[in-house]
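File shown: target_38.csv (CSV, C-alpha atoms).
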```csv
chain,number,residue,atom,x,y,z
A,1,MET,CA,-39.7,49.6,-0.7
A,2,LYS,CA,-38.6,47.0,1.9
A,3,LYS,CA,-39.7,44.2,-0.5
A,4,LEU,CA,-37.7,45.8,-3.3
A,5,ILE,CA,-34.6,46.1,-1.2
A,6,SER,CA,-35.1,42.5,0.1
A,7,SER,CA,-35.4,41.2,-3.5
A,8,LEU,CA,-32.2,43.0,-4.5
A,9,LEU,CA,-30.4,41.6,-1.6
A,10,VAL,CA,-31.5,38.0,-2.5
A,11,LEU,CA,-30.4,38.6,-6.1
A,12,ALA,CA,-27.0,39.9,-4.9
A,13,LEU,CA,-26.5,36.9,-2.6
A,14,ALA,CA,-27.5,34.5,-5.4
A,15,PHE,CA,-24.9,36.1,-7.7
A,16,ALA,CA,-22.3,36.0,-5.0
A,17,CYS,CA,-22.9,32.3,-4.3
A,18,ALA,CA,-22.8,31.6,-8.0
A,19,GLY,CA,-19.5,33.3,-8.2
A,20,CYS,CA,-18.1,31.3,-5.3
A,21,GLY,CA,-19.3,28.1,-6.9
A,22,SER,CA,-17.7,28.9,-10.2
A,23,LYS,CA,-14.3,28.4,-8.7
A,24,GLY,CA,-15.0,24.7,-8.4
A,25,GLY,CA,-12.9,21.9,-7.0
A,26,ASP,CA,-12.7,22.8,-3.4
A,27,ASP,CA,-15.6,20.7,-2.3
A,28,GLY,CA,-15.8,18.2,-5.1
A,29,ALA,CA,-19.1,19.8,-6.3
A,30,ASP,CA,-17.9,21.8,-9.3
A,31,VAL,CA,-19.8,21.5,-12.6
A,32,LYS,CA,-18.7,18.7,-14.9
A,33,SER,CA,-17.0,19.7,-18.2
A,34,GLU,CA,-18.8,19.2,-21.5
A,35,GLY,CA,-19.1,15.5,-22.4
A,36,VAL,CA,-18.3,14.4,-18.9
A,37,MET,CA,-20.6,12.0,-17.1
A,38,THR,CA,-22.2,12.5,-13.8
A,39,TYR,CA,-21.7,9.7,-11.3
A,40,GLU,CA,-25.3,8.6,-11.9
A,41,GLU,CA,-24.7,8.4,-15.6
A,42,TYR,CA,-21.4,6.5,-15.1
A,43,MET,CA,-23.1,3.9,-12.9
A,44,ALA,CA,-26.0,3.5,-15.4
A,45,ALA,CA,-23.5,2.9,-18.3
A,46,GLU,CA,-23.2,-0.6,-19.7
A,47,LEU,CA,-20.2,-2.7,-18.8
A,48,ASN,CA,-17.4,-2.5,-21.4
A,49,SER,CA,-18.7,0.9,-22.7
A,50,GLU,CA,-16.6,4.0,-23.0
A,51,VAL,CA,-16.9,6.4,-20.1
A,52,VAL,CA,-15.6,9.9,-19.4
A,53,ILE,CA,-15.5,11.1,-15.8
A,54,GLU,CA,-14.0,13.8,-13.7
A,55,ALA,CA,-12.9,13.2,-10.1
A,56,TYR,CA,-10.2,13.9,-7.6
A,57,VAL,CA,-7.3,11.6,-6.7
A,58,GLN,CA,-7.7,10.3,-3.1
A,59,ALA,CA,-4.8,7.7,-3.1
A,60,LYS,CA,-2.4,6.0,-5.4
A,61,GLN,CA,-2.0,2.2,-5.2
A,62,SER,CA,0.8,1.5,-7.6
A,63,TRP,CA,2.7,2.5,-10.7
A,64,TRP,CA,4.4,0.0,-13.0
A,65,GLU,CA,5.4,0.1,-16.6
A,66,ASN,CA,3.7,3.4,-17.3
A,67,GLN,CA,0.4,2.3,-15.7
A,68,ALA,CA,-1.1,3.7,-12.5
A,69,THR,CA,-3.8,2.4,-10.3
A,70,VAL,CA,-5.7,5.1,-8.4
A,71,TYR,CA,-8.6,5.7,-6.1
A,72,ALA,CA,-10.6,8.8,-7.1
A,73,GLN,CA,-13.8,10.5,-5.8
A,74,ASP,CA,-16.1,13.4,-6.1
A,75,LYS,CA,-19.1,14.5,-4.0
A,76,ASP,CA,-21.4,11.9,-5.6
A,77,GLY,CA,-19.3,8.8,-5.7
A,78,ALA,CA,-16.0,7.1,-6.2
A,79,TYR,CA,-14.0,5.4,-8.9
A,80,PHE,CA,-11.2,2.7,-9.1
A,81,LEU,CA,-8.9,3.5,-12.0
A,82,TYR,CA,-7.0,0.3,-12.8
A,83,ASN,CA,-3.8,0.3,-14.8
A,84,MET,CA,-4.4,3.8,-16.3
A,85,ALA,CA,-1.8,4.9,-18.8
A,86,CYS,CA,0.5,7.2,-16.9
A,87,SER,CA,4.2,8.2,-17.1
A,88,GLU,CA,6.3,8.2,-14.0
A,89,GLU,CA,6.5,12.0,-14.2
A,90,ASP,CA,2.7,12.4,-14.3
A,91,TYR,CA,2.3,9.8,-11.5
A,92,ASP,CA,4.3,12.1,-9.3
A,93,LYS,CA,1.8,14.9,-10.0
A,94,LEU,CA,-1.2,12.8,-8.8
A,95,THR,CA,-1.1,14.0,-5.2
A,96,PRO,CA,-4.3,13.6,-3.1
A,97,GLY,CA,-6.9,16.1,-4.2
A,98,THR,CA,-5.7,16.5,-7.7
A,99,LYS,CA,-8.5,16.8,-10.3
A,100,ILE,CA,-8.3,14.5,-13.3
A,101,LYS,CA,-10.5,13.9,-16.4
A,102,VAL,CA,-10.4,10.2,-17.2
A,103,THR,CA,-11.5,8.4,-20.4
A,104,GLY,CA,-11.7,4.7,-20.4
A,105,TYR,CA,-14.0,1.6,-20.2
A,106,LYS,CA,-16.3,0.6,-17.4
A,107,SER,CA,-15.3,-2.8,-16.3
A,108,GLU,CA,-16.2,-5.4,-13.6
A,109,TRP,CA,-14.0,-7.9,-11.9
A,110,SER,CA,-15.4,-10.2,-9.2
A,111,GLY,CA,-17.9,-7.5,-8.2
A,112,GLU,CA,-15.5,-4.5,-8.3
A,113,ILE,CA,-16.6,-1.8,-10.8
A,114,GLU,CA,-13.6,-0.1,-12.2
A,115,ILE,CA,-12.3,1.9,-15.2
A,116,THR,CA,-9.7,0.2,-17.4
A,117,ASP,CA,-7.7,1.0,-20.5
A,118,ALA,CA,-7.9,4.6,-19.4
A,119,THR,CA,-6.1,7.8,-20.1
A,120,PHE,CA,-6.3,11.0,-18.1
A,121,GLU,CA,-5.5,14.7,-18.1
A,122,ILE,CA,-5.0,16.9,-15.0
A,123,GLY,CA,-7.4,19.8,-14.4
A,124,GLU,CA,-7.8,22.6,-12.0
A,125,GLY,CA,-9.4,22.2,-8.6
A,126,ASN,CA,-8.8,20.2,-5.4
A,127,PHE,CA,-10.9,18.0,-3.2
A,128,VAL,CA,-10.0,15.4,-0.5
A,129,ALA,CA,-12.9,13.5,0.9
A,130,GLU,CA,-13.5,12.9,4.6
A,131,ALA,CA,-14.1,9.3,5.6
A,132,GLU,CA,-17.8,8.5,5.5
A,133,ASP,CA,-19.0,6.2,8.4
A,134,VAL,CA,-20.6,3.2,6.8
A,135,THR,CA,-20.5,0.9,9.8
A,136,SER,CA,-24.3,0.7,10.0
A,137,LEU,CA,-24.5,-0.4,6.3
A,138,LEU,CA,-22.2,-3.3,6.6
A,139,ALA,CA,-24.9,-6.0,6.5
A,140,SER,CA,-27.2,-4.1,4.1
A,141,ASP,CA,-27.6,-4.2,0.3
A,142,GLU,CA,-27.1,-0.4,0.3
A,143,LEU,CA,-23.4,-0.7,1.1
A,144,ILE,CA,-22.4,-1.5,-2.5
A,145,ASN,CA,-23.7,2.0,-3.5
A,146,HIS,CA,-20.7,3.4,-1.7
A,147,GLN,CA,-18.2,1.2,-3.5
A,148,ASN,CA,-14.7,2.7,-3.8
A,149,LYS,CA,-15.4,5.6,-1.4
A,150,PHE,CA,-13.1,6.6,1.4
A,151,VAL,CA,-15.0,5.3,4.4
A,152,SER,CA,-14.7,4.4,8.1
A,153,PHE,CA,-15.8,1.5,10.3
A,154,LYS,CA,-16.2,1.8,14.0
A,155,GLY,CA,-16.4,-0.6,16.9
A,156,LEU,CA,-15.7,-3.9,15.0
A,157,THR,CA,-14.3,-6.9,16.8
A,158,VAL,CA,-11.2,-8.8,15.5
A,159,GLU,CA,-11.9,-12.5,14.9
A,160,ALA,CA,-9.6,-15.4,14.0
A,161,ALA,CA,-8.3,-15.2,10.4
A,162,GLY,CA,-7.0,-18.7,10.4
A,163,GLN,CA,-4.4,-20.8,12.1
A,164,ASP,CA,-0.6,-20.9,12.2
A,165,GLU,CA,1.6,-23.9,11.6
A,166,SER,CA,1.0,-25.1,15.2
A,167,GLY,CA,-2.7,-25.0,14.8
A,168,ASN,CA,-3.2,-21.8,16.9
A,169,ASP,CA,-5.7,-19.2,15.9
A,170,VAL,CA,-4.2,-16.0,14.5
A,171,ALA,CA,-5.6,-12.5,14.0
A,172,PHE,CA,-4.2,-12.0,10.4
A,173,LEU,CA,-2.8,-13.9,7.5
A,174,TYR,CA,-0.2,-13.0,4.9
A,175,ASN,CA,-2.2,-13.4,1.7
A,176,TRP,CA,-5.8,-14.7,1.8
A,177,ASP,CA,-4.6,-18.3,2.5
A,178,GLY,CA,-1.7,-17.6,4.7
A,179,SER,CA,0.8,-18.5,2.0
A,180,GLY,CA,2.7,-15.2,2.0
A,181,GLN,CA,5.3,-13.5,4.1
A,182,ASP,CA,6.1,-10.1,5.5
A,183,GLY,CA,5.5,-7.5,2.8
A,184,ASP,CA,2.6,-9.3,1.2
A,185,ASP,CA,-1.1,-8.4,1.6
A,186,LEU,CA,-2.6,-8.8,5.1
A,187,TYR,CA,-6.0,-10.4,5.5
A,188,PHE,CA,-8.0,-10.2,8.8
A,189,ASN,CA,-11.5,-10.9,9.9
A,190,VAL,CA,-13.8,-8.5,11.9
A,191,SER,CA,-17.3,-9.0,13.1
A,192,LEU,CA,-20.3,-6.8,13.8
A,193,ASP,CA,-23.8,-7.8,15.0
A,194,GLY,CA,-23.0,-11.5,14.4
A,195,ASN,CA,-21.7,-11.1,10.9
A,196,THR,CA,-18.0,-11.6,9.9
A,197,TYR,CA,-16.2,-9.7,7.2
A,198,THR,CA,-12.7,-10.0,5.6
A,199,PHE,CA,-10.7,-6.8,5.4
A,200,THR,CA,-7.3,-6.3,3.7
A,201,VAL,CA,-4.2,-4.2,3.9
A,202,GLU,CA,-3.3,-4.0,0.2
A,203,SER,CA,0.5,-4.0,0.2
A,204,TYR,CA,0.8,-1.9,-3.0
A,205,LEU,CA,-1.3,0.8,-1.3
A,206,CYS,CA,0.1,0.5,2.3
A,207,ASP,CA,3.3,-1.5,2.4
A,208,ASN,CA,5.1,-3.0,5.4
A,209,THR,CA,6.7,0.3,6.3
A,210,THR,CA,3.3,1.9,7.1
A,211,ASP,CA,1.6,2.4,10.4
A,212,VAL,CA,-1.5,0.4,9.4
A,213,TYR,CA,0.5,-2.6,8.3
A,214,ALA,CA,2.3,-2.7,11.7
A,215,ALA,CA,-1.1,-2.1,13.5
A,216,VAL,CA,-2.7,-5.2,11.8
A,217,LYS,CA,0.4,-7.3,12.6
A,218,GLY,CA,-0.1,-6.3,16.2
A,219,LEU,CA,-3.8,-7.2,16.4
A,220,GLN,CA,-5.1,-9.7,19.0
A,221,ILE,CA,-8.3,-11.7,18.6
A,222,GLY,CA,-11.0,-10.0,20.5
A,223,ASP,CA,-9.6,-6.4,20.0
A,224,THR,CA,-12.2,-3.7,19.2
A,225,ILE,CA,-11.0,-1.5,16.4
A,226,ASP,CA,-11.9,1.6,14.3
A,227,MET,CA,-10.7,1.8,10.7
A,228,GLU,CA,-10.6,3.9,7.6
A,229,GLY,CA,-10.0,2.8,4.1
A,230,PHE,CA,-11.4,2.4,0.6
A,231,LEU,CA,-14.5,0.4,0.0
A,232,TYR,CA,-13.1,-2.1,-2.5
A,233,TRP,CA,-15.2,-5.1,-3.6
A,234,TYR,CA,-14.1,-8.7,-4.3
A,235,GLU,CA,-16.8,-11.4,-4.2
A,236,GLY,CA,-18.4,-9.1,-1.6
A,237,VAL,CA,-17.2,-6.3,0.5
A,238,ASN,CA,-13.4,-6.3,0.9
A,239,PRO,CA,-12.2,-2.9,2.2
A,240,HIS,CA,-8.6,-1.8,1.6
A,241,ILE,CA,-7.7,-0.4,5.0
A,242,THR,CA,-5.4,2.6,5.3
A,243,SER,CA,-5.6,3.3,9.1
A,244,LEU,CA,-6.5,1.3,12.2
A,245,THR,CA,-6.9,2.1,15.9
A,246,VAL,CA,-7.4,-0.3,18.7
A,247,LYS,CA,-9.9,1.0,21.2
```

Can the structure from this file be put into structure tokens for me?
Amino acid sequence: MKKLISSLLVLALAFACAGCGSKGGDDGADVKSEGVMTYEEYMAAELNSEVVIEAYVQAKQSWWENQATVYAQDKDGAYFLYNMACSEEDYDKLTPGTKIKVTGYKSEWSGEIEITDATFEIGEGNFVAEAEDVTSLLASDELINHQNKFVSFKGLTVEAAGQDESGNDVAFLYNWDGSGQDGDDLYFNVSLDGNTYTFTVESYLCDNTTDVYAAVKGLQIGDTIDMEGFLYWYEGVNPHITSLTVK
């Protein structure tokens, strides 16, 4: 009798858990719709082939001429949606956590895997990813498997990014070569375990009114910093940083 009662309880719990899971969206783990790729299938797809994915908006980089550039993610991986067809009205609806179904083409640009020539539709569900600490993976080949995710880096040291007009070392540059001005992208170098990496504040994502933009402008060579941002790729790892704290 005890075994029968126990079995019934297990079945009841299983149905209850299944009922909870059917709501979907709250943890990024809901079942994909018919015809939608898993992240594994998306990554295995050939470049320039059509792909269909479902994910959740994590941040919006820009909107221009009815095209939106968006960072999206689910529990398995992340996506960079470049110049996706989008009205200004719909762009306003793409708040963090919003579920979208995207149809487009898997593309690659200087190492960055992205979806281009895309359209989307908004679905039901909500998921905002927590930053995944990838500090220990910075020098490893495994890091690229986390491309486009919302991630964190801890305990990195600020190195010289270049020199100013007087030949003095500086902690950041406007644009990669120092040719820009306030309001342009910020580039800065950080090191860990003897390796140096270039990180970026993408001005379309975080402009010169944001806290992170001001924080980078205030950096000093030798500062130890913690950061969060999106694991963008350009000729190697080139994270787009959204927050920064000097320790």

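The residue that comes closest to Thr119 of chain A, out of A:Asp177, A:Asp164, A:Asp92, A:Glu50 and on the basis of all atoms listed in the file, is A:Glu50.
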
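A straight line drawn from atom CA of Asn168 of chain A to atom CA of Gln220 of chain A is 12.4 Å long.
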
Practice prompt. Between atom CA of Trp233 of chain A and atom CA of Asn83 of chain A, measure the distance and give it in Å to one decimal.
Written response: 16.9 Å

Item to complete: Kindly extract all protein, DNA and RNA residues lying within 12 Å of the coordinates (-18.0, -1.4, 0.6) given in the file, considering only C-alpha atoms, and supply them as a VMD selection string.
Response: chain A and resid 78 111 to 113 132 to 153 197 to 199 228 to 241

Practice prompt. May I ask for the distance between atom CA of Ser110 of chain A and atom CA of Glu40 of chain A, given in Å to one decimal place?
Written response: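 For atom CA of Ser110 of chain A relative to atom CA of Glu40 of chain A, the distance reads 21.4 Å.
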
Practice prompt. Extract, using only C-alpha atoms, all DNA, RNA and protein residues at most 12 Å from Glu88 of chain A, discarding same-chain residues fewer than 4 positions from it, and format them as an NGL selection string.
Written response: :A and (62-68 or 84 or 92-94)

Item to complete: Kindly extract all protein, DNA and RNA residues lying within 10 Å of the coordinates (-6.2, 4.4, 19.9) given in the file, considering only C-alpha atoms, and supply them as an MDAnalysis selection string.
Response: chainID A and resid 225:226 244:247
